[in-house]
Every structure is written in structure tokens, then in C-alpha cells.
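In what follows, a single structure is set out as C-alpha cells and then discussed.
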Amino acid sequence: MARTIAVSGTASGLGLAVRQRLEAAGDRVVGVDLRDAEVIADLSTPAGRAEAVEAVLAASGGALDGLASVAGVGPHLPSDLVVSVNAFGALALLDGLLPALAGRPGAAAVVVSSNSITLDPTVRADLVDACLGADEAAARAIAAGVPGNTAYASSKLAVARAMRRRVAPWGEAGVRLNGVAPGPFASALLDASRADPTLGPLVDLVPIPLGRAGAADEVAAPIEFLLSEAAAWIHGSLLFVDGGTDALLRPDL
């Protein structure tokens, strides 16, 4: 039986790759993005997030079998925007759409973090805490004073922690929730980071034991798996999809 799955960021990159995989398997996707999606919404603002949730509920009839909160922006963009989209936008979709997932057989959600959460030594604890405390004004104020890579890694760490802190209520609702932490993969976001005069020289210094950057489909495949019945007893896990980088740098966890 075809499932209905909401996916954010479907206009390009990883979100599009997830969409293509799910649709190829016969699922119905309700895409959310700034363009070329069933739901056009701006996840950088509270109003846009509320509109996105409302529109997804309307498009799905209030019942979802899955959710992939993929949409995000890169460290080459203004740091306060990075935090608003990557942390507050991602988490608003999770929380806003949980009622549509609750009680559905096999329902599951996946949120996208990043392997930068263990790579970047500039992560700001106060920024992570502001995101986890749902204080967007404070988070944006802190972010405005830090480099893009710091805001990016901090926002993605907040997402990973927020995912793990939700395992009890989500489990009670009968909905599995997991995350993926990708390393560099071919995308417009990676290209923009490479083109940035500050970030560019650092991008390809990240050691990848498999010897190459990934492809969007290679990250989309684990997301598809985590949304499937094959992952029925996986809940609260963060899967690093990074060619071995995290294991190389943290062999003892």
C-alpha cells in the first residue's frame, strides 16, 4: 500500500534525491520548499513554518506515514539565517507534523544533521542551548556574531540532540524518529561552500577514508531505509553517512 510521506527541501539536492527514491518505490511525496513543491513555504520564519505545517496537513488529509526533514542551508549564507532554517525550521516540521504521524502503523521520521557536529571545534554551546530552548531571538543574536561554519555545526548539533531528546514522547506516539549526519556530498550547497573564499580552502581538507565525497543518492538511501519497516526497531539513532570520517577521527567514540 502506498505511503504518504512529507519531505522538505525537495526542489534540489538531498531532498530531491529522497523524493525520487520514495516515488520510485511507489510512495506519495508531499514536498516542501521555496519553489517546485506541493507546499511552497519559507522555513526561515515562524509564519512560514506554520504555513508549511498547515499546508502539509491539508495536502495529506491530516495523516502521514513518514516525514523527512531535510531542508537546510549552508555555512556560506548569513549565520542567523542558517540557524533559523537548519534548527528552528527542521524542528518545527517535526513537532508540527507529529500529530499526523501518531498512531499510523509503521510511521517514522528522519531529520538531517551533519558530521560537522563532531568535526568543527568552534561549536558554540550557548548557541546550541538557545536552539534547544526554542529561543530563536537569542539564537539569531548569537549566530549573528559567529562565522558561518560555527552557526552551521551548532545548528546541526542542536538538531541531533533535539532528535534524541524526543525519543520518549515519540515512542509513546508510536512514531520512530532518527537522524542522519552526512559528510560532504555533491550538491549546490557543497559547491557554494567551495566557492566561498573563507570556507573553500577548508572543504577538501576533511579526511574521508573512502577517498571521495558522496553523492546525494548515497545519503538519500539510508534515509529511505530509516523510513521503512526494515528499520522497525531503530529509534533515536544518529547515523553518520560520511565515508568513514567520524570513525577515523573518533575511533573510540
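Numbering starts fresh at 1 for the residues of each chain in the C-alpha cells, the chains themselves are lettered A, B, ... in the order given, and ligands are numbered from 1 as they appear.
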
Based on the backbone DSSP call, show me all residues of stretch 54-189 of chain A assigned helix (DSSP H, G or I), as a VMD selection string.
chain A and resid 54 to 60 79 to 101 116 to 119 125 to 132 136 to 143 148 to 165 167 to 172 188 to 189

Stretch 92-104 of chain A environment, 9 Å, only C-alpha atoms, sequence neighbours closer than 4 positions dropped, as number ranges by chain
A: 8, 43, 46, 49-50, 52-54, 56-57, 60-69, 87-88, 108-111, 170, 172-175

May I have the residues from that selection written out with C-alpha atoms, as a JSON list (two decimals), in the first residue's frame?
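Contents of result_34.json, as written:
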[["chain", "number", "residue", "atom", "x", "y", "z"],
["A", 8, "SER", "CA", 11.25, 19.22, 2.98],
["A", 43, "LEU", "CA", 11.08, 27.69, 6.83],
["A", 46, "PRO", "CA", 7.79, 31.29, 12.28],
["A", 49, "ARG", "CA", 6.82, 27.21, 9.28],
["A", 50, "ALA", "CA", 3.23, 27.43, 10.49],
["A", 52, "ALA", "CA", 4.13, 24.76, 5.89],
["A", 53, "VAL", "CA", 2.67, 22.56, 8.63],
["A", 54, "GLU", "CA", -0.87, 23.68, 7.83],
["A", 56, "VAL", "CA", 1.13, 19.63, 4.59],
["A", 57, "LEU", "CA", -1.75, 18.64, 6.87],
["A", 60, "SER", "CA", -2.19, 14.80, 3.36],
["A", 61, "GLY", "CA", -5.65, 14.87, 4.87],
["A", 62, "GLY", "CA", -4.05, 15.06, 8.29],
["A", 63, "ALA", "CA", -2.45, 11.60, 8.04],
["A", 64, "LEU", "CA", 1.21, 10.94, 7.26],
["A", 65, "ASP", "CA", 3.16, 7.69, 7.17],
["A", 66, "GLY", "CA", 6.55, 9.38, 7.16],
["A", 67, "LEU", "CA", 8.47, 12.63, 7.34],
["A", 68, "ALA", "CA", 11.95, 13.54, 6.16],
["A", 69, "SER", "CA", 13.00, 16.95, 7.47],
["A", 87, "ALA", "CA", 17.46, 24.23, 13.55],
["A", 88, "PHE", "CA", 14.15, 26.04, 14.01],
["A", 108, "ALA", "CA", 8.67, 7.17, 11.06],
["A", 109, "ALA", "CA", 10.57, 10.42, 10.67],
["A", 110, "VAL", "CA", 14.15, 11.34, 9.84],
["A", 111, "VAL", "CA", 15.90, 14.65, 10.39],
["A", 170, "TRP", "CA", 7.63, 9.98, 20.00],
["A", 172, "GLU", "CA", 4.67, 6.81, 23.12],
["A", 173, "ALA", "CA", 3.03, 8.18, 19.97],
["A", 174, "GLY", "CA", 4.16, 5.08, 18.07],
["A", 175, "VAL", "CA", 6.45, 7.03, 15.74]]

Excluding A:Arg21 and its own-chain neighbours fewer than 5 positions away, which residues fall within 10 Å of it when counting only C-alpha atoms? Please give them as a ChimeraX atom specification.
/A:16,26-27,217,220-221,223-224

DSSP on the backbone: what in stretch 38-184 of chain A comes out strand (DSSP E or B), as an NGL selection string?
:A and (39-40 or 66-69 or 108-112 or 176-182)

Closest atom pairs, residues of stretch 195-215 of chain A within 12 Å of stretch 143-162 of chain A, only C-alpha atoms, as CSV:
residue,atom,partner,partner_atom,distance
A:Asp196,CA,A:Gly148,CA,10.6
A:Thr198,CA,A:Pro147,CA,9.6
A:Leu199,CA,A:Asn149,CA,7.8
A:Gly200,CA,A:Asn149,CA,11.2
A:Leu202,CA,A:Asn149,CA,10.4
A:Val203,CA,A:Asn149,CA,10.6

Would you put the residues from that selection into a file with N, CA and C atoms, as a tab-separated table (two decimals), in the first residue's frame?
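Now in out-v2.tsv:
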chain	number	residue	atom	x	y	z
A	196	ASP	N	33.23	29.78	-1.57
A	196	ASP	CA	33.39	30.81	-0.55
A	196	ASP	C	34.88	31.01	-0.25
A	198	THR	N	36.51	32.02	2.30
A	198	THR	CA	36.95	31.56	3.62
A	198	THR	C	36.78	30.06	3.80
A	199	LEU	N	35.62	29.55	3.42
A	199	LEU	CA	35.32	28.14	3.63
A	199	LEU	C	35.96	27.24	2.58
A	200	GLY	N	36.08	27.76	1.38
A	200	GLY	CA	36.54	26.96	0.25
A	200	GLY	C	37.81	26.16	0.51
A	202	LEU	N	38.98	25.02	3.12
A	202	LEU	CA	38.85	24.05	4.20
A	202	LEU	C	38.04	22.82	3.81
A	203	VAL	N	37.17	22.99	2.80
A	203	VAL	CA	36.22	21.93	2.47
A	203	VAL	C	36.91	20.61	2.16

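The environment of A:Glu218 within 12 Å, counting only C-alpha atoms and disregarding residues fewer than 6 places along the same chain, consists of Gly13, Leu14, Ala17, Val18, Arg21, Val180, Pro182, Gly183, Pro184, Phe185, Ala186, Ser187, Glu224, Phe225, Phe240, Val241, Asp242 and Gly243 of chain A.
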
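Between A:Leu91 and the candidates A:Gly214, A:Gly133, A:Pro222, A:Gly15, the tightest atom-to-atom separation, counting only C-alpha atoms, involves A:Gly133.
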
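For the choices A:Pro169, A:Pro197, A:Gly106, A:Gly244, the atom-to-atom distance to A:Ala232 is smallest for A:Gly106 when using only C-alpha atoms.
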
Closest to A:Ile142 among A:Ala25, A:Val73, A:Ala247, A:Val83, using only C-alpha atoms?
A:Val83

Using only C-alpha atoms, determine which residues lie at most 10 Å from A:Ser237, disregarding the query and same-chain residues fewer than 2 positions distant; provide the list as a PyMOL selection string.
chain A and resi 110+160+163-164+167+176-180+226+234-235+239-240

Using only C-alpha atoms, which residue out of A:Ala139, A:Ala230, A:Leu253, A:Leu77 lies closest to A:Ala192?
A:Leu77

From the options A:Ala168, A:Leu119, A:Glu136, A:Ala71, which residue's atoms come nearest to A:Asp246, counting only C-alpha atoms?
A:Leu119

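Distance check against A:Asp33 using only C-alpha atoms: of A:Val82, A:Val70, A:Arg250, A:Met1, the minimum falls on A:Val70.
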